[in-house]
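See below for work01.cif, which holds mmCIF, C-alpha atoms.
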```cif
data_upload
#
loop_
_atom_site.label_atom_id
_atom_site.label_comp_id
_atom_site.auth_asym_id
_atom_site.auth_seq_id
_atom_site.Cartn_x
_atom_site.Cartn_y
_atom_site.Cartn_z
CA MET H 2 15.10 -38.39 -67.78
CA GLU H 3 16.89 -35.52 -69.45
CA GLY H 4 13.64 -34.42 -71.06
CA LEU H 5 11.96 -34.47 -67.67
CA MET H 6 14.74 -32.31 -66.18
CA ALA H 7 14.39 -29.85 -69.04
CA PHE H 8 10.64 -29.72 -68.44
CA TRP H 9 11.19 -29.19 -64.71
CA GLY H 10 13.55 -26.37 -65.55
CA GLU H 11 10.74 -24.69 -67.47
CA THR H 12 8.03 -25.00 -64.80
CA GLY H 13 7.00 -22.13 -62.66
CA ILE H 14 7.61 -24.03 -59.44
CA ALA H 15 11.34 -24.28 -60.05
CA HIS H 16 11.76 -20.55 -60.56
CA PHE H 17 9.44 -18.83 -58.14
CA THR H 18 10.97 -16.22 -55.94
CA SER H 19 9.25 -15.15 -52.74
CA GLY H 20 8.74 -11.68 -54.17
CA GLN H 21 6.87 -13.03 -57.15
CA LEU H 22 4.64 -15.14 -54.92
CA LEU H 23 3.90 -12.10 -52.79
CA MET H 24 3.02 -10.03 -55.85
CA MET H 25 0.72 -12.78 -57.08
CA GLY H 26 -0.91 -12.48 -53.68
CA VAL H 27 -1.31 -8.75 -54.28
CA GLY H 28 -2.83 -9.55 -57.68
CA CYS H 29 -5.27 -11.97 -56.02
CA LEU H 30 -6.14 -9.31 -53.42
CA LEU H 31 -6.98 -6.85 -56.21
CA LEU H 32 -9.11 -9.53 -57.90
CA TYR H 33 -10.89 -10.14 -54.60
CA LEU H 34 -11.56 -6.42 -54.10
CA ALA H 35 -12.87 -6.14 -57.67
CA ILE H 36 -15.01 -9.28 -57.77
CA LYS H 37 -16.23 -9.71 -54.24
CA ARG H 38 -16.28 -6.13 -52.96
CA GLY H 39 -17.06 -4.36 -56.25
CA PHE H 40 -14.19 -1.84 -55.90
CA GLU H 41 -13.64 -0.20 -59.33
CA PRO H 42 -13.92 -3.65 -60.92
CA LEU H 43 -13.47 -2.34 -64.46
CA LEU H 44 -9.86 -1.51 -63.68
CA LEU H 45 -8.87 -3.51 -60.64
CA LEU H 46 -9.80 -6.79 -62.34
CA PRO H 47 -7.49 -6.41 -65.35
CA ILE H 48 -4.81 -4.79 -63.14
CA GLY H 49 -4.97 -7.67 -60.68
CA PHE H 50 -4.82 -10.28 -63.40
CA GLY H 51 -2.03 -8.39 -65.11
CA ALA H 52 -0.11 -8.43 -61.83
CA ILE H 53 -0.42 -12.23 -61.70
CA LEU H 54 0.65 -12.61 -65.33
CA ALA H 55 3.59 -10.24 -64.87
CA ASN H 56 5.01 -12.33 -62.04
CA ILE H 57 4.95 -15.72 -63.73
CA PRO H 58 8.56 -16.81 -64.04
CA ASN H 59 9.77 -17.68 -67.54
CA ALA H 60 6.54 -16.51 -69.16
CA GLY H 61 8.19 -13.62 -70.94
CA PHE H 62 4.94 -11.66 -70.91
CA THR H 63 6.61 -8.51 -69.72
CA ASP H 64 9.92 -8.98 -71.58
CA GLU H 65 10.55 -7.04 -74.74
CA GLY H 66 8.26 -8.49 -77.42
CA GLY H 67 5.71 -9.89 -74.95
CA LEU H 68 2.06 -8.84 -74.97
CA LEU H 69 2.18 -6.87 -71.74
CA TRP H 70 5.41 -5.20 -72.78
CA TYR H 71 3.75 -4.05 -76.00
CA ALA H 72 0.60 -2.92 -74.21
CA TYR H 73 2.72 -0.78 -71.89
CA HIS H 74 5.11 0.43 -74.59
CA VAL H 75 2.42 1.38 -77.10
CA GLY H 76 -0.33 2.59 -74.80
CA ILE H 77 1.11 3.98 -71.61
CA GLU H 78 4.66 5.06 -72.39
CA THR H 79 3.21 7.19 -75.17
CA GLY H 80 0.31 8.38 -73.00
CA ILE H 81 -2.21 7.23 -75.61
CA PHE H 82 -4.37 4.95 -73.42
CA PRO H 83 -5.13 7.43 -70.65
CA LEU H 84 -5.90 10.08 -73.26
CA LEU H 85 -8.33 7.83 -75.14
CA ILE H 86 -10.04 7.06 -71.83
CA PHE H 87 -10.22 10.77 -71.13
CA MET H 88 -11.98 11.28 -74.47
CA GLY H 89 -14.52 8.63 -73.50
CA VAL H 90 -15.02 10.25 -70.10
CA GLY H 91 -15.58 13.56 -71.88
CA ALA H 92 -18.24 11.95 -74.04
CA MET H 93 -19.95 10.66 -70.89
CA THR H 94 -19.80 13.91 -68.93
CA ASP H 95 -22.73 16.31 -68.77
CA PHE H 96 -21.55 19.80 -67.88
CA GLY H 97 -25.11 21.06 -67.47
CA ALA H 98 -24.94 21.30 -63.67
CA LEU H 99 -21.64 23.17 -63.87
CA ILE H 100 -22.84 25.62 -66.53
CA ALA H 101 -26.00 26.29 -64.51
CA ASN H 102 -23.92 27.14 -61.43
CA PRO H 103 -20.44 28.14 -62.64
CA LYS H 104 -19.29 29.23 -59.19
CA THR H 105 -18.86 25.56 -58.32
CA LEU H 106 -15.72 25.67 -60.47
CA LEU H 107 -14.07 27.30 -57.46
CA LEU H 108 -14.80 24.17 -55.43
CA GLY H 109 -13.16 22.04 -58.10
CA ALA H 110 -10.17 24.36 -57.89
CA ALA H 111 -9.94 24.32 -54.09
CA ALA H 112 -9.96 20.53 -53.94
CA GLN H 113 -6.77 20.47 -56.00
CA PHE H 114 -4.98 21.74 -52.90
CA GLY H 115 -4.69 18.06 -52.00
CA ILE H 116 -2.38 17.61 -54.97
CA PHE H 117 -0.06 20.49 -54.20
CA ALA H 118 0.03 19.89 -50.46
CA THR H 119 1.05 16.30 -51.12
CA LEU H 120 3.83 17.50 -53.39
CA LEU H 121 5.24 19.18 -50.31
CA GLY H 122 4.56 16.07 -48.23
CA ALA H 123 6.36 13.76 -50.66
CA ILE H 124 9.45 15.96 -50.58
CA ALA H 125 9.26 16.16 -46.79
CA LEU H 126 9.19 12.35 -46.71
CA ASN H 127 12.76 12.47 -48.01
CA LEU H 128 13.74 13.35 -44.45
CA VAL H 129 12.90 9.76 -43.54
CA PRO H 130 15.82 7.51 -44.38
CA GLY H 131 15.08 5.15 -47.28
CA PHE H 132 13.04 7.63 -49.29
CA GLU H 133 14.52 9.52 -52.18
CA PHE H 134 11.76 11.11 -54.20
CA SER H 135 12.81 13.56 -56.87
CA MET H 136 10.56 16.54 -57.58
CA GLN H 137 9.17 14.64 -60.60
CA ASP H 138 8.39 11.59 -58.46
CA ALA H 139 6.72 13.80 -55.88
CA ALA H 140 4.53 15.44 -58.53
CA ALA H 141 3.48 12.09 -59.98
CA ILE H 142 2.57 10.83 -56.48
CA ALA H 143 0.76 14.04 -55.59
CA ILE H 144 -1.58 13.78 -58.57
CA ILE H 145 -3.25 10.83 -56.80
CA GLY H 146 -5.02 13.60 -54.85
CA GLY H 147 -6.73 14.58 -58.11
CA ALA H 148 -8.71 11.33 -57.75
CA ASP H 149 -8.64 10.89 -61.47
CA GLY H 150 -7.22 7.61 -62.76
CA PRO H 151 -6.36 8.54 -66.35
CA THR H 152 -4.79 11.86 -65.29
CA ALA H 153 -2.67 10.10 -62.66
CA ILE H 154 -1.48 7.47 -65.15
CA PHE H 155 -0.77 10.08 -67.81
CA LEU H 156 1.28 12.25 -65.50
CA ALA H 157 3.12 9.31 -63.93
CA SER H 158 4.01 7.93 -67.36
CA LYS H 159 5.57 11.29 -68.23
CA LEU H 160 7.27 12.17 -64.94
CA ALA H 161 7.99 8.95 -63.03
CA PRO H 162 7.41 5.80 -65.13
CA GLU H 163 9.14 3.59 -62.57
CA LEU H 164 6.51 4.47 -59.94
CA LEU H 165 3.57 4.08 -62.30
CA GLY H 166 2.32 0.73 -61.02
CA ALA H 167 2.10 1.83 -57.41
CA ILE H 168 0.60 5.21 -58.33
CA ALA H 169 -2.10 3.68 -60.55
CA VAL H 170 -3.01 1.09 -57.94
CA ALA H 171 -3.15 3.73 -55.21
CA ALA H 172 -5.24 6.10 -57.38
CA TYR H 173 -7.84 3.50 -58.31
CA SER H 174 -7.96 1.94 -54.84
CA TYR H 175 -8.61 5.28 -53.18
CA MET H 176 -11.21 6.19 -55.79
CA ALA H 177 -12.99 2.98 -54.83
CA LEU H 178 -12.63 3.90 -51.17
CA VAL H 179 -14.21 7.36 -51.58
CA PRO H 180 -17.38 6.26 -49.70
CA LEU H 181 -15.21 5.32 -46.71
CA ILE H 182 -12.60 8.10 -46.75
CA GLN H 183 -14.77 11.15 -47.39
CA PRO H 184 -17.78 11.05 -45.01
CA PRO H 185 -15.79 11.32 -41.75
CA ILE H 186 -13.89 14.34 -43.08
CA MET H 187 -17.10 15.93 -44.35
CA LYS H 188 -18.86 15.45 -41.03
CA LEU H 189 -15.88 16.70 -39.05
CA LEU H 190 -15.80 20.01 -40.91
CA THR H 191 -19.52 20.78 -41.06
CA THR H 192 -22.32 21.21 -38.55
CA PRO H 193 -25.61 19.28 -38.88
CA ALA H 194 -27.36 22.58 -39.66
CA GLU H 195 -24.97 23.25 -42.55
CA ARG H 196 -25.37 19.72 -43.85
CA SER H 197 -29.13 20.09 -44.06
CA ILE H 198 -29.07 23.29 -46.14
CA LYS H 199 -31.29 22.90 -49.16
CA MET H 200 -30.09 24.42 -52.40
CA GLU H 201 -32.15 26.17 -55.07
CA GLN H 202 -33.07 24.21 -58.12
CA LEU H 203 -30.62 24.63 -60.99
CA ARG H 204 -31.66 26.61 -64.03
CA GLU H 205 -32.08 24.99 -67.41
CA VAL H 206 -29.10 25.15 -69.75
CA SER H 207 -29.45 25.71 -73.47
CA LYS H 208 -27.91 23.39 -76.02
CA ARG H 209 -25.80 26.19 -77.43
CA GLU H 210 -24.21 26.84 -74.04
CA LYS H 211 -23.32 23.17 -73.77
CA ILE H 212 -21.76 23.16 -77.23
CA LEU H 213 -19.78 26.35 -76.61
CA PHE H 214 -18.44 25.12 -73.24
CA PRO H 215 -15.85 22.56 -74.49
CA LEU H 216 -14.73 25.00 -77.18
CA MET H 217 -14.23 27.68 -74.55
CA VAL H 218 -12.21 25.35 -72.33
CA VAL H 219 -9.94 24.37 -75.21
CA GLY H 220 -9.53 28.03 -76.12
CA LEU H 221 -8.44 28.90 -72.59
CA THR H 222 -6.03 25.96 -72.51
CA VAL H 223 -4.46 27.04 -75.75
CA LEU H 224 -4.01 30.56 -74.42
CA PHE H 225 -2.83 29.90 -70.89
CA LEU H 226 -1.70 26.32 -70.40
CA PRO H 227 -0.67 24.49 -73.58
CA ALA H 228 0.93 21.76 -71.45
CA ALA H 229 -2.53 20.63 -70.41
CA THR H 230 -3.71 20.37 -74.02
CA PRO H 231 -3.40 16.58 -74.39
CA LEU H 232 -5.69 15.92 -71.42
CA VAL H 233 -8.08 18.84 -71.79
CA GLY H 234 -8.14 18.59 -75.58
CA MET H 235 -9.17 14.94 -75.68
CA PHE H 236 -11.68 15.51 -72.90
CA CYS H 237 -13.28 18.40 -74.76
CA LEU H 238 -13.30 16.51 -78.05
CA GLY H 239 -15.32 13.75 -76.41
CA ASN H 240 -17.66 16.27 -74.82
CA LEU H 241 -18.18 18.18 -78.06
CA MET H 242 -19.00 14.92 -79.87
CA LYS H 243 -21.68 14.28 -77.26
CA GLU H 244 -23.17 17.76 -77.03
CA SER H 245 -23.13 18.65 -80.72
CA GLY H 246 -25.55 15.79 -81.33
CA VAL H 247 -24.46 15.39 -84.93
CA VAL H 248 -22.00 12.53 -84.42
CA ASP H 249 -23.89 10.21 -82.14
CA ARG H 250 -22.09 7.22 -83.63
CA LEU H 251 -18.66 8.60 -82.74
CA SER H 252 -19.79 9.71 -79.32
CA GLY H 253 -21.33 6.28 -78.72
CA THR H 254 -18.11 4.54 -79.73
CA ALA H 255 -15.96 6.82 -77.57
CA GLN H 256 -18.04 6.18 -74.46
CA ASN H 257 -18.65 2.47 -75.03
CA GLU H 258 -16.59 0.24 -77.32
CA LEU H 259 -13.43 2.33 -77.46
CA ILE H 260 -13.21 3.07 -73.75
CA ASN H 261 -13.90 -0.59 -72.97
CA ILE H 262 -11.18 -1.88 -75.28
CA VAL H 263 -8.69 0.65 -73.98
CA THR H 264 -9.62 -0.12 -70.37
CA ILE H 265 -8.73 -3.80 -70.86
CA PHE H 266 -5.28 -3.00 -72.18
CA LEU H 267 -4.67 -0.13 -69.79
CA GLY H 268 -5.46 -2.40 -66.85
CA LEU H 269 -3.20 -5.16 -68.14
CA ALA H 270 -0.38 -2.74 -68.88
CA VAL H 271 -0.59 -1.17 -65.43
CA GLY H 272 -0.70 -4.65 -63.93
CA SER H 273 2.48 -5.50 -65.79
CA LYS H 274 4.20 -2.79 -63.77
CA LEU H 275 3.39 -4.68 -60.58
CA SER H 276 6.39 -6.99 -60.89
CA ALA H 277 8.10 -7.88 -57.64
CA GLU H 278 11.28 -5.90 -58.24
CA GLN H 279 9.36 -2.73 -59.12
CA PHE H 280 6.61 -2.89 -56.51
CA LEU H 281 8.11 -4.42 -53.38
CA ARG H 282 9.99 -1.36 -52.25
CA ILE H 283 9.70 1.02 -49.38
CA GLU H 284 8.65 3.75 -51.83
CA THR H 285 5.39 1.91 -52.53
CA LEU H 286 4.42 2.17 -48.90
CA GLY H 287 5.17 5.88 -48.98
CA ILE H 288 3.06 6.29 -52.13
CA LEU H 289 0.09 4.53 -50.54
CA VAL H 290 0.28 6.73 -47.44
CA LEU H 291 0.79 9.94 -49.42
CA GLY H 292 -2.11 9.04 -51.72
CA ALA H 293 -4.48 8.75 -48.78
CA VAL H 294 -3.21 12.06 -47.37
CA ALA H 295 -3.66 13.75 -50.75
CA PHE H 296 -7.21 12.51 -50.98
CA SER H 297 -8.12 13.63 -47.49
CA ILE H 298 -6.59 17.09 -47.85
CA GLY H 299 -8.36 17.56 -51.20
CA THR H 300 -11.69 16.67 -49.64
CA ALA H 301 -11.11 18.96 -46.68
CA ALA H 302 -10.04 21.88 -48.89
CA GLY H 303 -13.15 21.47 -51.04
CA VAL H 304 -15.45 21.41 -48.00
CA LEU H 305 -13.76 24.45 -46.44
CA MET H 306 -14.07 26.40 -49.69
CA ALA H 307 -17.75 25.47 -49.88
CA LYS H 308 -18.17 26.63 -46.28
CA LEU H 309 -16.71 29.97 -47.25
CA MET H 310 -19.05 30.20 -50.23
CA SER H 311 -21.94 29.26 -47.97
CA LYS H 312 -21.06 32.09 -45.55
CA LEU H 313 -20.65 34.63 -48.36
CA SER H 314 -23.88 33.64 -50.07
CA GLY H 315 -25.86 33.85 -46.84
CA GLY H 316 -26.41 30.13 -46.44
CA LYS H 317 -27.47 29.23 -49.96
CA VAL H 318 -24.68 26.71 -50.52
CA ASN H 319 -24.49 23.38 -48.74
CA PRO H 320 -20.83 22.94 -47.73
CA LEU H 321 -21.01 19.21 -48.39
CA ILE H 322 -20.89 19.72 -52.15
CA GLY H 323 -17.29 20.92 -51.80
CA ALA H 324 -16.22 17.35 -51.12
CA ALA H 325 -17.21 16.45 -54.68
CA GLY H 326 -14.49 18.80 -55.92
CA VAL H 327 -12.01 15.92 -55.92
CA SER H 328 -13.08 14.39 -59.22
CA ALA H 329 -13.89 10.64 -58.75
CA VAL H 330 -16.98 11.10 -60.93
CA PRO H 331 -19.69 10.19 -60.05
CA MET H 332 -18.81 8.41 -56.82
CA ALA H 333 -17.92 11.58 -54.88
CA ALA H 334 -21.20 13.25 -55.89
CA ARG H 335 -23.13 10.20 -54.74
CA VAL H 336 -21.36 10.27 -51.39
CA VAL H 337 -22.32 13.95 -50.99
CA ASN H 338 -25.92 13.07 -51.78
CA ARG H 339 -25.91 10.28 -49.21
CA VAL H 340 -24.41 12.36 -46.42
CA GLY H 341 -26.85 15.16 -47.26
CA LEU H 342 -29.78 12.75 -47.03
CA GLU H 343 -28.57 11.55 -43.63
CA ALA H 344 -28.83 15.11 -42.32
CA ASN H 345 -32.13 15.96 -44.00
CA HIS H 346 -34.29 13.28 -45.58
CA GLN H 347 -35.66 15.65 -48.22
CA ASN H 348 -32.31 17.05 -49.27
CA PHE H 349 -31.21 15.78 -52.67
CA LEU H 350 -27.77 17.21 -53.44
CA LEU H 351 -26.80 14.93 -56.31
CA MET H 352 -27.27 17.43 -59.13
CA HIS H 353 -25.67 20.23 -57.10
CA ALA H 354 -22.67 18.01 -56.38
CA MET H 355 -22.24 17.12 -60.06
CA GLY H 356 -21.10 20.70 -60.74
CA PRO H 357 -18.05 20.62 -58.46
CA ASN H 358 -17.52 16.98 -59.42
CA VAL H 359 -16.95 17.68 -63.12
CA ALA H 360 -15.15 20.89 -62.17
CA GLY H 361 -12.75 18.65 -60.26
CA VAL H 362 -11.97 16.72 -63.45
CA LEU H 363 -11.09 19.97 -65.19
CA GLY H 364 -9.20 21.19 -62.12
CA SER H 365 -7.03 18.09 -61.87
CA ALA H 366 -6.32 18.20 -65.61
CA VAL H 367 -5.21 21.82 -65.21
CA ALA H 368 -3.11 20.92 -62.17
CA ALA H 369 -1.51 18.09 -64.14
CA GLY H 370 -0.79 20.59 -66.90
CA VAL H 371 0.87 22.95 -64.44
CA LEU H 372 3.05 20.15 -63.04
CA LEU H 373 3.98 19.02 -66.55
CA ALA H 374 4.81 22.55 -67.60
CA VAL H 375 7.06 23.12 -64.58
CA LEU H 376 8.68 19.70 -64.21
CA GLY H 377 8.22 17.90 -67.53
CA MET P 2 19.91 18.35 -45.50
CA THR P 3 20.24 21.68 -47.22
CA SER P 4 19.22 20.10 -50.52
CA ILE P 5 16.01 18.85 -48.96
CA ASN P 6 15.36 22.31 -47.59
CA GLN P 7 15.95 23.72 -51.04
CA GLN P 8 13.57 21.12 -52.50
CA LEU P 9 10.94 22.00 -49.91
CA VAL P 10 11.19 25.66 -50.85
CA ASP P 11 10.84 24.71 -54.53
CA ALA P 12 7.83 22.52 -53.76
CA LEU P 13 6.25 25.37 -51.83
CA GLY P 14 6.80 27.63 -54.81
CA ILE P 15 5.14 25.12 -57.14
CA MET P 16 2.27 24.79 -54.68
CA VAL P 17 1.57 28.52 -54.55
CA MET P 18 1.96 28.94 -58.28
CA GLY P 19 -0.03 25.83 -59.11
CA MET P 20 -2.99 26.70 -56.90
CA GLY P 21 -2.88 30.24 -58.24
CA LEU P 22 -2.95 29.06 -61.84
CA VAL P 23 -5.74 26.55 -61.23
CA PHE P 24 -7.83 29.27 -59.58
CA ILE P 25 -7.11 31.85 -62.29
CA PHE P 26 -7.85 29.37 -65.06
CA LEU P 27 -11.16 28.25 -63.58
CA SER P 28 -12.13 31.82 -62.61
CA ILE P 29 -11.69 32.96 -66.21
CA LEU P 30 -13.87 30.01 -67.17
CA ILE P 31 -16.55 31.24 -64.76
CA VAL P 32 -16.51 34.62 -66.47
CA GLY P 33 -16.69 32.90 -69.85
CA ILE P 34 -19.65 30.74 -68.86
CA THR P 35 -21.47 33.77 -67.46
CA ILE P 36 -20.96 35.74 -70.65
CA VAL P 37 -22.07 32.84 -72.86
CA ALA P 38 -25.14 32.35 -70.66
CA LYS P 39 -26.05 36.02 -71.05
CA PHE P 40 -26.00 35.84 -74.83
CA ASN P 41 -27.75 32.49 -75.10
CA PRO P 42 -30.96 32.63 -73.11
CA ILE P 43 -33.19 29.58 -73.07
CA PRO P 44 -35.77 29.98 -75.85
CA GLN P 45 -39.12 30.39 -74.10
CA PRO P 46 -41.74 27.94 -75.32
CA VAL P 47 -44.37 29.77 -77.42
CA LYS P 48 -47.53 30.11 -75.39
CA PRO P 49 -50.73 29.23 -77.25
CA VAL P 50 -52.85 32.30 -77.87
CA PRO P 51 -55.99 31.97 -75.77
CA GLY P 52 -59.19 31.86 -77.78
CA ALA P 53 -57.52 30.92 -81.08
CA THR P 54 -59.42 27.96 -82.46
CA ASN P 55 -56.68 26.53 -84.63
CA THR P 56 -54.37 25.87 -81.64
CA THR P 57 -56.97 23.92 -79.69
CA THR P 58 -55.79 20.38 -79.22
CA ALA P 59 -57.82 17.20 -79.07
CA GLN P 60 -57.49 17.19 -75.28
CA GLY P 61 -59.18 20.57 -75.18
CA LEU P 62 -62.32 19.32 -76.90
CA ASP P 63 -65.38 18.08 -75.16
CA PRO P 64 -65.27 14.24 -75.31
CA LYS P 65 -68.98 14.16 -76.19
CA LEU P 66 -68.33 16.41 -79.17
CA VAL P 67 -65.45 14.17 -80.30
CA ALA P 68 -67.68 11.11 -80.02
CA ALA P 69 -70.38 12.83 -82.04
CA ILE P 70 -67.97 13.85 -84.80
CA THR P 71 -66.43 10.36 -84.90
CA SER P 72 -69.80 8.67 -85.25
CA ALA P 73 -70.81 11.19 -87.94
CA ILE P 74 -67.65 10.40 -89.92
CA HIS P 75 -68.31 6.69 -89.58
CA GLN P 76 -71.86 7.13 -90.78
CA TYR P 77 -70.71 9.24 -93.68
CA ARG P 78 -68.09 6.65 -94.71
CA ALA P 79 -70.46 3.70 -94.40
#
```
Please express the file's structure as structure tokens.
Amino acid sequence: MEGLMAFWGETGIAHFTSGQLLMMGVGCLLLYLAIKRGFEPLLLLPIGFGAILANIPNAGFTDEGGLLWYAYHVGIETGIFPLLIFMGVGAMTDFGALIANPKTLLLGAAAQFGIFATLLGAIALNLVPGFEFSMQDAAAIAIIGGADGPTAIFLASKLAPELLGAIAVAAYSYMALVPLIQPPIMKLLTTPAERSIKMEQLREVSKREKILFPLMVVGLTVLFLPAATPLVGMFCLGNLMKESGVVDRLSGTAQNELINIVTIFLGLAVGSKLSAEQFLRIETLGILVLGAVAFSIGTAAGVLMAKLMSKLSGGKVNPLIGAAGVSAVPMAARVVNRVGLEANHQNFLLMHAMGPNVAGVLGSAVAAGVLLAVLG
Amino acid sequence: MTSINQQLVDALGIMVMGMGLVFIFLSILIVGITIVAKFNPIPQPVKPVPGATNTTTAQGLDPKLVAAITSAIHQYRA
């Protein structure tokens, strides 16, 4: 009988709190979104499962010495996982469209307004009783507007580790929701005539230009914004490995095996931050709302900037491509292409939208560097 | 209340500075890309000189002529 009581004392049933059950529900919801709806499954699946594991009573997974604790401690607290992912993303990114039309960098810059406007919004939310975001917290939340998962996780791990779970979940959920969030904003700010503007075909880009590009970006970072070096540096290393063409094995590993392995542990580690006591707070609600606002403002700023460029160039730029300035590669570019096709069945904007899209990745890394330099 | 106002002013400052820096950084990059593009033009593919016999490819030959040569080689080898 005593043995039975001891066993009962070890079961999950005897120790569940309502918060843990609720968080397991959140974990299951993430699994449902990943498996059934196909929302960013590569990350939401391990995050969702991690959330379930992290809320098992008595499992000790997230206590010091447990697997999830180590994954978080080694990979996220140090910033290593998001940086390795950034290297893989660099190895997968083709800057050809951007180099062919460098002016699209301005669109990637404009879309970062979502980040900085949300910084203001997060501080303003402090006027509502129950919210107490410090400037660091606000910056970490605002970076959701960069629509770049690794950047958001990196910055949150440096500035506001206690909010990391909610920020990562918000960032990846909204990236998955790009096809729903962006089109209404894009249509609201443009006329059908503007949406059906056809753009000139992009010029060819030489191999040497592509090799020099990452080196140039690193050079500029070193000169003007050393705080952004971790993100930009790893990104450019991956890109140089791809474009140089002499280390195909390394480039292949960075964009396949390595990024896959890291993604598993990153997802689990982020999931481990979804424990009831850390997630079930009023702040989480604020983060989710602010994230959506950041995303929408970023999209709108990108479209408005593209409209301005369209006016100045005499109607050679389709304003829709500005929406791709919030990174979310390549989803945002695909959305632009789709909305463009709706307006004009022969209008293929995908390649034109890839320019601002990859510019957005650089832009959000630079914005993260600025926030780190000021608040870190 | 005043502290929130102070924070809002700070946030506004970061916003202006941040957007400024992002724009300056990426604008310098635009200049850089333009300069690099100017010095690295795409190598134009060498156009075959018209009339030169040694650049004529198999596709350029009359199929009848090719057939005749092939059969001649076969006969020679046999």
Determine the residue membership of the PyMOL selection byres ((chain H) within 9 of (chain P)) for the file above and supply it as a ChimeraX atom specification.
/H:100-101,103-107,109-111,113-114,116-118,120-122,124-125,127-128,135-136,205-210,213-214,217-218,221-222,225-226,360,363-365,367-368,371-372,375
Two-atom distance - atom CA of H:Phe82, atom CA of H:Asp64 (Å)
20.0 Å
Gap from atom CA of H:Glu258 to atom CA of H:Phe236 - Å, one decimal
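For atom CA of H:Glu258 relative to atom CA of H:Phe236, the distance reads 16.6 Å.
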Selected by the PyMOL selection byres ((chain H and resi 312-319) around 7) in the shown coordinates: which residues, as a PyMOL selection string?
chain H and resi 195-196+198-200+308-311+320-322
List every protein, DNA or RNA residue with an atom no more than 12 Å from (-17.5, 5.1, -77.3) in the file's coordinates, counting all atoms listed in the file, and format the result as number ranges by chain.
H: 85-93, 239-240, 242-243, 248-264
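Minimum atom-to-atom distances from H:Gln137, H:Asn338, H:Ser273, H:Thr230 to H:Gly61 were compared using all atoms listed in the file, and the lowest value belongs to H:Ser273.
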Using only C-alpha atoms, which residues sit within 10 Å of stretch 42-58 of chain H once same-chain residues fewer than 6 positions away are excluded, as a PyMOL selection string?
chain H and resi 11-18+20-36+64+69-70+150+166+169-170+173-174+177+261+264-278
Go ahead and write the residues just picked, C-alpha atoms, as an mmCIF file, keeping the file's coordinate frame.
```
data_model
loop_
_atom_site.group_PDB
_atom_site.id
_atom_site.type_symbol
_atom_site.label_atom_id
_atom_site.label_comp_id
_atom_site.auth_asym_id
_atom_site.auth_seq_id
_atom_site.Cartn_x
_atom_site.Cartn_y
_atom_site.Cartn_z
ATOM 1 C CA GLU H 11 10.740 -24.690 -67.470
ATOM 2 C CA THR H 12 8.030 -25.000 -64.800
ATOM 3 C CA GLY H 13 7.000 -22.130 -62.660
ATOM 4 C CA ILE H 14 7.610 -24.030 -59.440
ATOM 5 C CA ALA H 15 11.340 -24.280 -60.050
ATOM 6 C CA HIS H 16 11.760 -20.550 -60.560
ATOM 7 C CA PHE H 17 9.440 -18.830 -58.140
ATOM 8 C CA THR H 18 10.970 -16.220 -55.940
ATOM 9 C CA GLY H 20 8.740 -11.680 -54.170
ATOM 10 C CA GLN H 21 6.870 -13.030 -57.150
ATOM 11 C CA LEU H 22 4.640 -15.140 -54.920
ATOM 12 C CA LEU H 23 3.900 -12.100 -52.790
ATOM 13 C CA MET H 24 3.020 -10.030 -55.850
ATOM 14 C CA MET H 25 0.720 -12.780 -57.080
ATOM 15 C CA GLY H 26 -0.910 -12.480 -53.680
ATOM 16 C CA VAL H 27 -1.310 -8.750 -54.280
ATOM 17 C CA GLY H 28 -2.830 -9.550 -57.680
ATOM 18 C CA CYS H 29 -5.270 -11.970 -56.020
ATOM 19 C CA LEU H 30 -6.140 -9.310 -53.420
ATOM 20 C CA LEU H 31 -6.980 -6.850 -56.210
ATOM 21 C CA LEU H 32 -9.110 -9.530 -57.900
ATOM 22 C CA TYR H 33 -10.890 -10.140 -54.600
ATOM 23 C CA LEU H 34 -11.560 -6.420 -54.100
ATOM 24 C CA ALA H 35 -12.870 -6.140 -57.670
ATOM 25 C CA ILE H 36 -15.010 -9.280 -57.770
ATOM 26 C CA ASP H 64 9.920 -8.980 -71.580
ATOM 27 C CA LEU H 69 2.180 -6.870 -71.740
ATOM 28 C CA TRP H 70 5.410 -5.200 -72.780
ATOM 29 C CA GLY H 150 -7.220 7.610 -62.760
ATOM 30 C CA GLY H 166 2.320 0.730 -61.020
ATOM 31 C CA ALA H 169 -2.100 3.680 -60.550
ATOM 32 C CA VAL H 170 -3.010 1.090 -57.940
ATOM 33 C CA TYR H 173 -7.840 3.500 -58.310
ATOM 34 C CA SER H 174 -7.960 1.940 -54.840
ATOM 35 C CA ALA H 177 -12.990 2.980 -54.830
ATOM 36 C CA ASN H 261 -13.900 -0.590 -72.970
ATOM 37 C CA THR H 264 -9.620 -0.120 -70.370
ATOM 38 C CA ILE H 265 -8.730 -3.800 -70.860
ATOM 39 C CA PHE H 266 -5.280 -3.000 -72.180
ATOM 40 C CA LEU H 267 -4.670 -0.130 -69.790
ATOM 41 C CA GLY H 268 -5.460 -2.400 -66.850
ATOM 42 C CA LEU H 269 -3.200 -5.160 -68.140
ATOM 43 C CA ALA H 270 -0.380 -2.740 -68.880
ATOM 44 C CA VAL H 271 -0.590 -1.170 -65.430
ATOM 45 C CA GLY H 272 -0.700 -4.650 -63.930
ATOM 46 C CA SER H 273 2.480 -5.500 -65.790
ATOM 47 C CA LYS H 274 4.200 -2.790 -63.770
ATOM 48 C CA LEU H 275 3.390 -4.680 -60.580
ATOM 49 C CA SER H 276 6.390 -6.990 -60.890
ATOM 50 C CA ALA H 277 8.100 -7.880 -57.640
ATOM 51 C CA GLU H 278 11.280 -5.900 -58.240
#
```
